[in-house]
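Here's query-v5.csv, which has CSV, C-alpha atoms:
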```
chain,number,residue,atom,x,y,z
A,1,MET,CA,103.1,169.1,30.8
A,2,HIS,CA,104.6,172.4,31.9
A,3,ARG,CA,108.2,172.1,33.1
A,4,ALA,CA,107.2,173.5,36.5
A,5,CYS,CA,104.5,170.8,37.0
A,6,ARG,CA,104.7,167.2,38.2
A,7,VAL,CA,102.1,164.4,38.5
A,8,ARG,CA,102.0,161.2,40.6
A,9,LYS,CA,99.6,158.4,41.3
A,10,GLU,CA,97.5,158.5,44.5
A,11,ARG,CA,94.8,156.3,45.8
A,12,PHE,CA,92.1,158.6,44.5
A,13,GLY,CA,93.7,159.1,41.1
A,14,LEU,CA,96.3,161.6,40.1
A,15,LEU,CA,97.9,164.4,42.1
A,16,PHE,CA,99.2,167.4,40.1
A,17,TYR,CA,101.8,169.8,41.5
A,18,ASP,CA,102.6,173.2,40.1
A,19,SER,CA,105.7,174.7,41.8
A,20,ARG,CA,104.9,178.2,40.5
A,21,GLY,CA,102.1,178.7,43.0
A,22,PRO,CA,102.7,176.3,44.5
A,23,ARG,CA,99.4,174.7,43.6
A,24,LEU,CA,97.9,171.3,43.8
A,25,LEU,CA,95.2,169.7,41.7
A,26,PHE,CA,93.5,166.6,42.8
A,27,ALA,CA,92.0,164.5,39.9
A,28,GLU,CA,89.7,161.8,41.1
A,29,THR,CA,90.5,159.5,38.1
A,30,GLY,CA,90.9,156.3,40.1
A,31,ASP,CA,92.8,153.8,37.8
A,32,LEU,CA,91.7,155.5,34.6
A,33,LEU,CA,95.1,157.2,33.9
A,34,GLU,CA,98.7,156.7,34.8
A,35,PRO,CA,101.2,159.6,35.3
A,36,GLY,CA,103.0,158.4,32.2
A,37,PHE,CA,100.0,159.6,30.1
A,38,PHE,CA,101.1,163.1,31.0
A,39,THR,CA,104.9,162.7,31.1
A,40,GLY,CA,105.2,161.1,27.6
A,41,GLU,CA,106.1,157.6,28.9
A,42,LEU,CA,102.8,156.2,27.7
A,43,SER,CA,101.1,156.6,24.3
A,44,VAL,CA,98.2,159.1,24.5
A,45,ASN,CA,96.3,157.4,21.7
A,46,GLY,CA,97.1,154.0,23.0
A,47,THR,CA,95.6,154.9,26.4
A,48,LEU,CA,92.5,156.7,25.0
A,49,ASP,CA,91.7,153.7,22.7
A,50,LYS,CA,91.3,151.5,25.7
A,51,LEU,CA,88.7,153.8,27.4
A,52,THR,CA,84.9,153.8,27.0
A,53,GLU,CA,83.2,156.8,25.5
A,54,ALA,CA,82.2,158.0,29.0
A,55,GLU,CA,85.7,157.6,30.3
A,56,GLN,CA,87.1,159.5,27.3
A,57,ARG,CA,84.7,162.3,28.1
A,58,LYS,CA,86.0,162.4,31.6
A,59,VAL,CA,89.6,162.5,30.4
A,60,THR,CA,88.8,165.3,28.0
A,61,GLY,CA,87.2,167.3,30.8
A,62,LEU,CA,90.3,166.8,32.9
A,63,LEU,CA,92.6,167.8,30.1
A,64,SER,CA,90.7,171.0,29.4
A,65,ASN,CA,90.7,171.8,33.1
A,66,LEU,CA,94.5,171.2,33.3
A,67,ALA,CA,95.1,173.3,30.2
A,68,LYS,CA,93.0,176.1,31.6
A,69,LYS,CA,95.0,176.0,34.9
A,70,GLY,CA,98.3,175.9,33.1
A,71,PHE,CA,99.4,172.5,34.2
A,72,ILE,CA,99.5,171.2,30.6
A,73,ARG,CA,99.9,173.1,27.3
A,74,GLU,CA,98.2,172.3,24.1
A,75,GLN,CA,100.5,171.6,21.2
A,76,GLN,CA,100.1,170.4,17.6
A,77,ILE,CA,101.2,166.9,17.0
A,78,CYS,CA,101.3,167.0,13.3
B,1,MET,CA,91.5,173.3,48.3
B,2,SER,CA,89.7,170.1,49.0
B,3,ASN,CA,90.7,168.4,52.3
B,4,ARG,CA,88.9,165.2,51.4
B,5,PHE,CA,91.9,163.8,49.4
B,6,VAL,CA,94.4,164.9,52.0
B,7,ASP,CA,92.3,163.3,54.7
B,8,GLN,CA,92.5,160.0,52.9
B,9,GLY,CA,96.3,160.2,53.2
B,10,LEU,CA,98.8,160.8,50.5
B,11,ARG,CA,101.4,158.2,49.4
B,12,ALA,CA,104.1,160.7,50.0
B,13,PRO,CA,104.5,164.3,51.0
B,14,VAL,CA,104.2,167.0,48.3
B,15,ASN,CA,107.4,168.6,49.6
B,16,VAL,CA,110.0,167.9,52.2
B,17,THR,CA,111.9,170.5,54.2
B,18,TRP,CA,115.4,169.2,54.6
B,19,GLU,CA,117.8,171.0,57.0
B,20,VAL,CA,120.9,169.5,55.5
B,21,THR,CA,123.3,171.0,58.1
B,22,LEU,CA,123.2,173.0,61.2
B,23,LEU,CA,126.5,174.6,60.2
B,24,CYS,CA,126.1,178.3,59.6
B,25,ASN,CA,128.3,181.3,59.2
B,26,LEU,CA,125.7,183.6,60.7
B,27,ARG,CA,124.0,183.7,64.1
B,28,CYS,CA,120.6,185.3,63.4
B,29,ARG,CA,118.7,186.2,66.5
B,30,HIS,CA,115.5,184.6,65.3
B,31,CYS,CA,117.0,181.4,63.8
B,32,LEU,CA,114.4,178.6,64.2
B,33,SER,CA,117.1,175.9,64.6
B,34,SER,CA,119.8,177.8,66.6
B,35,SER,CA,122.2,177.1,63.7
B,36,GLY,CA,125.9,177.7,64.0
B,37,VAL,CA,127.9,174.6,64.7
B,38,ALA,CA,127.2,171.4,62.7
B,39,ALA,CA,125.2,168.7,64.4
B,40,PRO,CA,127.4,165.9,65.8
B,41,HIS,CA,126.3,163.1,63.4
B,42,GLU,CA,125.1,164.8,60.2
B,43,LEU,CA,124.2,162.5,57.3
B,44,THR,CA,127.2,161.4,55.2
B,45,THR,CA,127.2,162.1,51.5
B,46,ALA,CA,126.3,158.5,50.8
B,47,GLU,CA,123.4,158.6,53.3
B,48,ALA,CA,122.2,161.9,51.8
B,49,LEU,CA,122.3,160.6,48.3
B,50,ASP,CA,120.4,157.5,49.3
B,51,LEU,CA,117.8,159.7,50.9
B,52,VAL,CA,117.3,161.6,47.7
B,53,GLU,CA,116.8,158.2,45.9
B,54,GLN,CA,114.2,157.3,48.5
B,55,PHE,CA,112.4,160.7,48.1
B,56,ALA,CA,112.4,160.2,44.3
B,57,LYS,CA,111.0,156.6,44.6
B,58,ALA,CA,108.2,157.9,46.9
B,59,GLY,CA,107.2,160.6,44.5
B,60,VAL,CA,108.2,163.7,46.5
B,61,PHE,CA,107.7,166.6,44.1
B,62,GLN,CA,109.9,169.2,45.8
B,63,ILE,CA,112.6,169.5,48.4
B,64,ASN,CA,113.1,172.7,50.3
B,65,PHE,CA,116.6,172.9,51.5
B,66,GLY,CA,117.5,174.9,54.6
B,67,GLY,CA,119.7,174.7,57.6
B,68,GLY,CA,122.0,176.0,58.8
B,69,GLU,CA,123.4,177.5,55.6
B,70,PRO,CA,123.0,174.7,53.0
B,71,PHE,CA,126.0,175.9,51.0
B,72,MET,CA,128.3,175.4,54.0
B,73,ARG,CA,127.9,171.7,53.3
B,74,PRO,CA,130.8,170.6,51.0
B,75,ASP,CA,128.7,168.1,49.2
B,76,PHE,CA,125.6,170.2,48.8
B,77,LEU,CA,125.9,170.6,45.0
B,78,GLN,CA,126.2,166.9,44.7
B,79,ILE,CA,123.0,166.4,46.7
B,80,LEU,CA,121.2,169.1,44.5
B,81,ASP,CA,122.4,167.4,41.3
B,82,ALA,CA,121.0,164.1,42.5
B,83,CYS,CA,117.6,165.7,43.1
B,84,HIS,CA,117.6,167.3,39.7
B,85,GLU,CA,118.7,164.2,37.9
B,86,ARG,CA,115.6,162.5,39.3
B,87,GLY,CA,113.3,165.4,38.4
B,88,ILE,CA,112.8,166.6,41.9
B,89,MET,CA,112.3,170.4,42.1
B,90,THR,CA,114.3,172.2,44.8
B,91,CYS,CA,114.1,175.4,46.6
B,92,ILE,CA,117.1,176.7,48.6
B,93,SER,CA,116.8,179.0,51.6
B,94,THR,CA,120.2,180.7,51.9
B,95,ASN,CA,121.7,183.7,53.6
B,96,GLY,CA,123.4,184.5,50.3
B,97,THR,CA,126.9,184.9,51.7
B,98,LEU,CA,128.3,182.0,49.6
B,99,LEU,CA,126.6,182.9,46.4
B,100,ASN,CA,128.6,184.4,43.5
B,101,ARG,CA,128.2,184.7,39.8
B,102,PRO,CA,129.9,181.3,38.9
B,103,MET,CA,127.8,179.5,41.5
B,104,VAL,CA,124.6,181.1,40.3
B,105,GLU,CA,125.4,180.1,36.7
B,106,ARG,CA,126.1,176.6,37.8
B,107,LEU,CA,122.8,176.4,39.7
B,108,ALA,CA,120.8,177.9,36.8
B,109,LYS,CA,121.7,175.1,34.5
B,110,SER,CA,119.3,172.6,36.2
B,111,ARG,CA,116.2,174.8,35.6
B,112,LEU,CA,114.8,173.0,38.6
B,113,VAL,CA,115.9,175.3,41.4
B,114,ALA,CA,114.4,178.3,43.1
B,115,ILE,CA,116.3,180.4,45.7
B,116,GLN,CA,115.1,182.4,48.7
B,117,VAL,CA,117.6,184.8,50.1
B,118,SER,CA,117.0,185.8,53.7
B,119,MET,CA,116.8,189.6,54.3
B,120,ASP,CA,115.1,190.8,57.4
B,121,GLY,CA,115.1,194.6,57.0
B,122,VAL,CA,114.9,197.2,54.3
B,123,ASP,CA,118.2,198.8,55.2
B,124,ARG,CA,121.5,197.9,56.7
B,125,LYS,CA,120.5,199.0,60.2
B,126,SER,CA,117.3,196.9,60.5
B,127,CYS,CA,118.6,193.8,58.7
B,128,ASP,CA,122.0,193.7,60.5
B,129,LEU,CA,120.3,194.1,63.8
B,130,LEU,CA,118.7,190.6,63.4
B,131,ARG,CA,121.2,188.9,61.2
B,132,GLY,CA,124.6,190.4,62.0
B,133,ASP,CA,127.0,193.0,60.6
B,134,GLY,CA,127.2,193.2,56.9
B,135,THR,CA,124.4,190.8,56.1
B,136,TYR,CA,122.2,193.4,54.4
B,137,GLU,CA,124.8,194.3,51.8
B,138,THR,CA,125.7,190.6,51.3
B,139,ALA,CA,122.1,189.5,50.8
B,140,LEU,CA,121.5,192.4,48.5
B,141,ARG,CA,124.5,191.5,46.3
B,142,ALA,CA,123.3,187.9,46.1
B,143,VAL,CA,119.8,188.9,45.2
B,144,ASP,CA,121.2,191.2,42.5
B,145,ILE,CA,123.2,188.4,40.9
B,146,LEU,CA,120.2,186.0,41.1
B,147,ALA,CA,117.8,188.5,39.6
B,148,LYS,CA,120.0,188.6,36.5
B,149,SER,CA,119.7,184.8,36.2
B,150,PRO,CA,116.8,182.6,35.2
B,151,ILE,CA,116.5,181.3,38.7
B,152,PRO,CA,113.1,182.1,40.3
B,153,THR,CA,114.3,184.2,43.3
B,154,SER,CA,112.6,185.7,46.3
B,155,ILE,CA,113.6,187.8,49.3
B,156,ASN,CA,112.6,185.9,52.4
B,157,THR,CA,111.7,188.0,55.4
B,158,VAL,CA,110.7,186.7,58.8
B,159,LEU,CA,108.1,189.1,60.2
B,160,THR,CA,109.2,190.5,63.6
B,161,ALA,CA,108.4,193.4,65.8
B,162,ALA,CA,111.6,194.9,64.5
B,163,ASN,CA,110.8,194.9,60.8
B,164,ALA,CA,107.0,194.9,60.7
B,165,ALA,CA,106.9,198.5,59.5
B,166,ASP,CA,109.5,197.7,56.8
B,167,ILE,CA,107.5,195.0,55.0
B,168,PRO,CA,105.8,197.3,52.3
B,169,GLU,CA,109.2,198.9,51.6
B,170,LEU,CA,110.8,195.4,51.3
B,171,HIS,CA,108.1,194.6,48.9
B,172,ALA,CA,108.9,197.6,46.8
B,173,LEU,CA,112.6,196.7,47.0
B,174,ALA,CA,112.0,193.2,45.8
B,175,ARG,CA,109.9,194.6,42.9
B,176,SER,CA,112.6,197.0,42.0
B,177,LEU,CA,115.1,194.2,41.9
B,178,GLY,CA,112.8,192.0,39.8
B,179,VAL,CA,112.3,189.3,42.4
B,180,SER,CA,109.4,188.4,44.6
B,181,LEU,CA,108.9,188.8,48.4
B,182,ARG,CA,108.1,185.9,50.7
B,183,VAL,CA,107.2,186.7,54.2
B,184,SER,CA,107.5,183.9,56.8
B,185,ARG,CA,106.1,183.7,60.3
B,186,PHE,CA,108.3,184.1,63.3
B,187,ARG,CA,108.0,181.2,65.6
B,188,PRO,CA,109.4,180.7,69.1
B,189,SER,CA,111.7,177.9,68.1
B,190,GLY,CA,115.5,177.7,68.4
B,191,ARG,CA,117.1,181.2,69.0
B,192,GLY,CA,113.7,182.5,68.1
B,193,ALA,CA,112.5,181.2,71.5
B,194,GLU,CA,115.3,183.0,73.3
B,195,ASN,CA,114.4,186.3,71.7
B,196,TRP,CA,110.7,185.7,71.4
B,197,GLU,CA,109.4,188.4,73.8
B,198,GLU,CA,111.6,191.1,72.2
B,199,LEU,CA,111.0,190.2,68.6
B,200,ARG,CA,107.4,188.8,68.4
B,201,PRO,CA,105.1,191.0,66.4
B,202,THR,CA,102.4,192.7,68.5
B,203,PRO,CA,98.7,191.9,67.8
B,204,ARG,CA,98.4,195.3,66.1
B,205,GLN,CA,101.4,194.6,63.8
B,206,LEU,CA,99.9,191.2,62.9
B,207,LEU,CA,96.5,192.8,62.1
B,208,ASP,CA,98.2,195.5,60.0
B,209,PHE,CA,100.2,192.9,58.2
B,210,SER,CA,97.1,190.8,57.6
B,211,ASN,CA,95.3,193.8,56.1
B,212,TRP,CA,98.3,194.6,53.9
B,213,LEU,CA,98.7,191.0,52.8
B,214,ALA,CA,95.1,191.0,51.6
B,215,GLU,CA,95.9,193.9,49.3
B,216,SER,CA,99.3,192.4,48.1
B,217,GLY,CA,98.4,189.4,46.0
B,218,ASP,CA,101.9,188.8,44.7
B,219,VAL,CA,103.5,188.4,48.1
B,220,ARG,CA,104.1,184.8,49.0
B,221,THR,CA,103.7,183.4,52.4
B,222,GLY,CA,103.7,179.7,51.8
B,223,ASP,CA,101.1,178.5,54.3
B,224,SER,CA,102.8,180.1,57.3
B,225,PHE,CA,100.2,182.8,57.7
B,226,PHE,CA,97.0,180.8,57.1
B,227,SER,CA,95.7,181.7,60.5
B,228,LEU,CA,95.9,185.4,59.6
B,229,THR,CA,95.0,185.5,55.9
B,230,SER,CA,91.7,186.9,54.6
B,231,GLN,CA,89.2,184.7,52.9
B,232,GLU,CA,90.0,186.3,49.5
B,233,ARG,CA,93.6,185.3,49.9
B,234,GLN,CA,92.9,181.7,50.8
B,235,GLY,CA,92.9,180.7,47.1
B,236,LEU,CA,96.6,181.4,47.0
B,237,GLY,CA,97.6,179.0,49.6
B,238,LEU,CA,96.4,176.3,52.0
B,239,ASN,CA,94.0,176.8,54.9
B,240,LEU,CA,95.3,174.2,57.2
B,241,CYS,CA,98.5,172.9,58.7
B,242,GLY,CA,100.1,170.5,56.2
B,243,ALA,CA,102.5,168.9,58.7
B,244,ALA,CA,102.6,165.1,58.2
B,245,LYS,CA,99.9,165.4,55.6
B,246,LEU,CA,101.4,167.4,52.7
B,247,THR,CA,104.8,168.0,54.1
B,248,CYS,CA,107.4,166.9,56.6
B,249,CYS,CA,110.9,167.8,57.8
B,250,VAL,CA,114.1,165.9,58.0
B,251,GLY,CA,117.0,167.3,60.1
B,252,PRO,CA,120.7,167.1,59.5
B,253,GLU,CA,121.1,163.8,61.3
B,254,GLY,CA,118.3,162.1,59.3
B,255,ASN,CA,115.6,162.4,61.9
B,256,PHE,CA,112.1,163.1,60.6
B,257,PHE,CA,109.7,165.5,62.3
B,258,PRO,CA,106.2,166.8,61.3
B,259,CYS,CA,107.6,170.3,60.4
B,260,ALA,CA,110.7,172.4,60.8
B,261,PHE,CA,109.3,174.2,63.9
B,262,LEU,CA,108.8,171.0,65.8
B,263,GLN,CA,112.2,169.4,65.7
B,264,GLN,CA,112.1,168.2,69.3
B,265,GLU,CA,112.5,164.7,70.6
B,266,ASP,CA,108.8,164.8,71.6
B,267,PHE,CA,107.9,164.9,67.9
B,268,LEU,CA,110.4,162.5,66.4
B,269,ALA,CA,108.7,160.4,63.7
B,270,GLY,CA,111.7,158.2,62.9
B,271,SER,CA,115.3,158.1,61.8
B,272,ILE,CA,116.4,157.3,58.2
B,273,ARG,CA,119.2,155.4,59.8
B,274,GLN,CA,116.8,152.9,61.3
B,275,GLN,CA,113.9,152.9,58.8
B,276,SER,CA,113.2,153.7,55.2
B,277,PHE,CA,111.5,157.0,54.4
B,278,GLN,CA,108.4,155.3,53.1
B,279,GLN,CA,108.1,153.3,56.4
B,280,ILE,CA,108.4,156.5,58.4
B,281,TRP,CA,105.8,158.3,56.3
B,282,ASP,CA,103.4,155.4,56.3
B,283,GLU,CA,103.8,153.9,59.7
B,284,SER,CA,105.1,156.6,62.2
B,285,PRO,CA,102.7,156.9,65.1
B,286,MET,CA,103.8,160.6,65.4
B,287,TYR,CA,102.7,161.3,61.8
B,288,ALA,CA,99.4,159.4,62.4
B,289,SER,CA,98.7,161.5,65.4
B,290,PHE,CA,99.2,164.7,63.4
B,291,ARG,CA,96.8,163.4,60.7
B,292,ARG,CA,94.2,162.8,63.3
B,293,LEU,CA,94.7,166.2,65.0
B,294,ARG,CA,91.6,168.3,65.3
B,295,ILE,CA,91.6,171.6,67.2
B,296,HIS,CA,88.3,171.2,68.9
B,297,SER,CA,88.7,174.3,71.0
B,298,CYS,CA,88.5,176.4,67.8
B,299,GLU,CA,85.5,174.7,66.2
B,300,GLU,CA,83.0,177.2,67.4
B,301,CYS,CA,85.0,180.1,66.0
B,302,GLN,CA,83.6,181.9,62.9
B,303,ARG,CA,87.0,181.6,61.2
B,304,PHE,CA,87.4,177.9,61.8
B,305,ASP,CA,86.8,177.0,58.2
B,306,GLN,CA,89.6,179.4,57.2
B,307,CYS,CA,92.4,178.3,59.5
B,308,HIS,CA,91.3,175.1,61.2
B,309,GLY,CA,93.0,176.2,64.4
B,310,GLY,CA,96.1,177.6,63.0
B,311,CYS,CA,99.7,176.5,63.6
B,312,PRO,CA,100.1,173.6,66.1
B,313,ALA,CA,103.8,174.5,66.4
B,314,VAL,CA,103.1,177.9,67.8
B,315,ALA,CA,100.5,176.5,70.1
B,316,TRP,CA,103.0,174.0,71.4
B,317,HIS,CA,105.8,176.5,71.9
B,318,LEU,CA,103.6,179.0,73.7
B,319,LYS,CA,101.0,176.8,75.4
B,320,GLY,CA,102.7,173.4,75.7
B,321,ARG,CA,100.1,171.5,73.6
B,322,ILE,CA,99.6,171.2,69.8
B,323,ASP,CA,95.8,171.0,70.0
B,324,GLY,CA,95.3,174.2,72.0
B,325,GLY,CA,94.6,176.6,69.0
B,326,ASP,CA,97.0,179.1,67.5
B,327,PRO,CA,97.5,181.9,70.1
B,328,GLU,CA,98.3,184.4,67.3
B,329,CYS,CA,95.3,183.8,65.1
B,330,LEU,CA,93.3,186.7,63.5
B,331,GLU,CA,90.5,186.4,66.0
B,332,LYS,CA,92.8,186.6,69.0
B,333,CYS,CA,94.8,189.4,67.5
B,334,VAL,CA,91.6,191.5,67.1
B,335,THR,CA,90.6,190.8,70.7
B,336,MET,CA,94.1,191.5,72.0
B,337,ALA,CA,94.5,194.7,69.9
B,338,GLU,CA,91.1,196.0,71.1
B,339,ALA,CA,92.1,195.3,74.7
```

I'd like the structure from this file rewritten - as structure tokens, please.
Amino acid sequence: MHRACRVRKERFGLLFYDSRGPRLLFAETGDLLEPGFFTGELSVNGTLDKLTEAEQRKVTGLLSNLAKKGFIREQQIC
Amino acid sequence: MSNRFVDQGLRAPVNVTWEVTLLCNLRCRHCLSSSGVAAPHELTTAEALDLVEQFAKAGVFQINFGGGEPFMRPDFLQILDACHERGIMTCISTNGTLLNRPMVERLAKSRLVAIQVSMDGVDRKSCDLLRGDGTYETALRAVDILAKSPIPTSINTVLTAANAADIPELHALARSLGVSLRVSRFRPSGRGAENWEELRPTPRQLLDFSNWLAESGDVRTGDSFFSLTSQERQGLGLNLCGAAKLTCCVGPEGNFFPCAFLQQEDFLAGSIRQQSFQQIWDESPMYASFRRLRIHSCEECQRFDQCHGGCPAVAWHLKGRIDGGDPECLEKCVTMAEA
């Protein structure tokens, strides 16, 4: 996650904040993901493994939207 | 932005405006809180640090510090450090008088702070007229030091009749210094109320500013001009009042209000000395009434989807009611300017 961004849990899912705008992004993910997924407190693979294929597609869509809008950055992990 | 999620109610504000002290070494004529002398029972250091902890627990993303002059508070750096240790981003609104190179270097270390330096004119004469003798030079020196640091910095200007013509030049000045310009709305609160008739921008000035703003995408306004902004600019900010929905304000004595411009007893949402922050945010009848607020008198207006009735604080200060529609909205400015 970009250092200018934050995320927290809300009733509808996740609320992302980018202080550079400031901008907000409302992700209607329900209980699918926890903020720790983005902040490094939870294992990415561990979380994804527990999701169905449809849920994984939803998460992939969210991740690409977040990357496009600059909330998160892609990085190689190996 | 989607209002649907905001209407459901957030668990905490996105940001909080915290006026940490009323103490100030300046006496600006448009000051929204009539700052000067400290409030009688300002929060102690322990109370302030506990409040930071409560904000962190609630999930507040950012605290916008103002006052008064925040740096006049002896424990202000301690409060800032507590925010940064908990990952809370901060933005400080300052007059710049107490900023020097060592202080800026100290602040820059956190990487979580942004600073707005108030400057209300493009030269000594126009700035000092509003803020007092020597304030232009002092603010300029502070901005110059900040511009050489990694701290995101902006010049913050309150749009008044006295400086409306200066805004494009201020924009150019900010650019030349390598910082951004943020223009805030003048509201009839505090000493701003005493000097309202003299300093309030005319409808023509507001219209000109609105047009200029539409062409100046890098100028920040927060959400304070949402009643004046063009449709194209809406993507840069919000199109509704965020008071008690996305933001709230806490005063120097720990009293919570919907926003910084409504710090009157009538709008008291609760005191941190009597309730927790989460209780105030979740249960305050005052906040609940702001979340239900609809400006029905504006619903037939063609711009309603763009401003939702504008700023309730201006409506209250000028018309005595928060649901009366913003008296300085773009539609009314056009009508008044034509008249």

Counting all atoms listed in the file, which residues of chain A sit at most 9 Å from some atom of chain B, and what is each one's closest atom pair with its distance in Å to one decimal, listed by chain and rising residue number, as a tab-separated table?
```
residue	atom	partner	partner_atom	distance
A:Arg3	CA	B:Leu112	CA	8.6
A:Ala4	CA	B:Leu112	CA	7.9
A:Cys5	CA	B:Phe61	CA	8.8
A:Arg6	CA	B:Phe61	CA	6.6
A:Val7	CA	B:Phe61	CA	8.2
A:Arg8	CA	B:Gly59	CA	6.5
A:Lys9	CA	B:Arg11	CA	8.3
A:Glu10	CA	B:Arg11	CA	6.3
A:Arg11	CA	B:Leu10	CA	7.6
A:Phe12	CA	B:Phe5	CA	7.1
A:Tyr17	CA	B:Phe61	CA	7.2
A:Ser19	CA	B:Met89	CA	7.9
A:Gly21	CA	B:Leu236	CA	7.3
A:Pro22	CA	B:Gly237	CA	7.7
A:Arg23	CA	B:Gly237	CA	7.6
A:Leu24	CA	B:Met1	CA	8.1
A:Leu25	CA	B:Met1	CA	8.4
A:Phe26	CA	B:Phe5	CA	7.3
A:Glu28	CA	B:Phe5	CA	8.8
```

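Nearest to B:Leu107 of all the residues B:Gly190, B:Gly242, B:Pro150, B:Pro327 is B:Pro150, based on all atoms listed in the file.
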
### Task
For B:Glu265, list every protein, DNA or RNA residue within 12 Å, evaluated using all atoms listed in the file, and leave out those in the same chain fewer than 6 positions away; present the list as a ChimeraX atom specification.
/B:251,255-258,271,286

#### Entry: Shell around A:Leu51 at 12 Å using all atoms listed in the file, local window under 6 positions removed, as number ranges by chain
A: 31-33, 44-45, 57-60

Counting only C-alpha atoms, which residues come within 10 Å of (114.8, 185.8, 50.3), with the point read in the file's coordinates, and could you list them as a PDB file with C-alpha atoms, in the coordinates of the input?
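Resulting contents of selection_4.pdb:
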```pdb
ATOM      1  CA  ILE B  92     117.100 176.700  48.600  1.00  0.00           C
ATOM      2  CA  SER B  93     116.800 179.000  51.600  1.00  0.00           C
ATOM      3  CA  THR B  94     120.200 180.700  51.900  1.00  0.00           C
ATOM      4  CA  ASN B  95     121.700 183.700  53.600  1.00  0.00           C
ATOM      5  CA  GLY B  96     123.400 184.500  50.300  1.00  0.00           C
ATOM      6  CA  ILE B 115     116.300 180.400  45.700  1.00  0.00           C
ATOM      7  CA  GLN B 116     115.100 182.400  48.700  1.00  0.00           C
ATOM      8  CA  VAL B 117     117.600 184.800  50.100  1.00  0.00           C
ATOM      9  CA  SER B 118     117.000 185.800  53.700  1.00  0.00           C
ATOM     10  CA  MET B 119     116.800 189.600  54.300  1.00  0.00           C
ATOM     11  CA  ASP B 120     115.100 190.800  57.400  1.00  0.00           C
ATOM     12  CA  ALA B 139     122.100 189.500  50.800  1.00  0.00           C
ATOM     13  CA  LEU B 140     121.500 192.400  48.500  1.00  0.00           C
ATOM     14  CA  ALA B 142     123.300 187.900  46.100  1.00  0.00           C
ATOM     15  CA  VAL B 143     119.800 188.900  45.200  1.00  0.00           C
ATOM     16  CA  THR B 153     114.300 184.200  43.300  1.00  0.00           C
ATOM     17  CA  SER B 154     112.600 185.700  46.300  1.00  0.00           C
ATOM     18  CA  ILE B 155     113.600 187.800  49.300  1.00  0.00           C
ATOM     19  CA  ASN B 156     112.600 185.900  52.400  1.00  0.00           C
ATOM     20  CA  THR B 157     111.700 188.000  55.400  1.00  0.00           C
ATOM     21  CA  VAL B 158     110.700 186.700  58.800  1.00  0.00           C
ATOM     22  CA  ALA B 174     112.000 193.200  45.800  1.00  0.00           C
ATOM     23  CA  VAL B 179     112.300 189.300  42.400  1.00  0.00           C
ATOM     24  CA  SER B 180     109.400 188.400  44.600  1.00  0.00           C
ATOM     25  CA  LEU B 181     108.900 188.800  48.400  1.00  0.00           C
ATOM     26  CA  ARG B 182     108.100 185.900  50.700  1.00  0.00           C
ATOM     27  CA  VAL B 183     107.200 186.700  54.200  1.00  0.00           C
ATOM     28  CA  SER B 184     107.500 183.900  56.800  1.00  0.00           C
TER      29      SER B 184
END
```

#### Entry: From B:Glu299, B:Asn3, B:Ala172, B:Gly36, residue lying nearest B:Asn239 [all atoms listed in the file]
B:Asn3

### Using only C-alpha atoms: which of B:Ile272, B:Ala337, B:Leu330, B:Leu32 has the shortest distance to B:Arg185
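Between B:Ile272, B:Ala337, B:Leu330, B:Leu32, the residue approaching B:Arg185 most closely is B:Leu32.
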
### Within 7 Å of stretch 70-72 of chain A using all atoms listed in the file, minus same-chain residues under 2 positions, as a PyMOL selection string
chain A and resi 1-2+5+18+66-68+74

### Proximity to B:Ala243 - best of B:Asn163, B:Gln274, B:Thr221, B:Ser289, only C-alpha atoms
B:Ser289

### Task
Name the residues in contact with B:Tyr136 at a cut-off of 9 Å, using only C-alpha atoms, excluding same-chain residues fewer than 3 positions from it; report them as a PyMOL selection string.
chain B and resi 119-128+131-133+139-141

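Distances to B:Leu80 were evaluated for B:Arg106, B:Pro188, B:Cys24, B:Arg101 using only C-alpha atoms, and the minimum falls at B:Arg106.
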
### Query
So how far away is atom CA of B:Ala108 from atom CA of B:Leu170, in Å?
24.8 Å

### Task
Identify which of the residues B:His296, B:His41, B:Arg29, B:Arg86 lies closest to B:Gln54, counting all atoms listed in the file when measuring atom-to-atom distances.
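Once distances to B:Gln54 are computed over all atoms listed in the file, the minimum belongs to B:Arg86.
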
### Message
I'd like the interatomic distance between atom CA of B:Ala161 and atom CA of B:Met336, to a tenth of an Å.
### Response
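Taking atom CA of B:Ala161 and atom CA of B:Met336, their separation equals 15.7 Å.
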
### Task
Provide the atom CA of B:Leu49 to atom CA of B:Val250 distance in Å, to one decimal place.
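Answer for the atom CA of B:Leu49 to atom CA of B:Val250 separation: 13.8 Å.
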
### Message
For a quick check of your reading of the model, name the residues lying within 10 Å of the coordinate (94.6, 186.8, 54.4), counting all atoms listed in the file, and write them as a VMD selection string.
### Response
chain B and resid 207 209 to 217 221 225 to 237 306 330
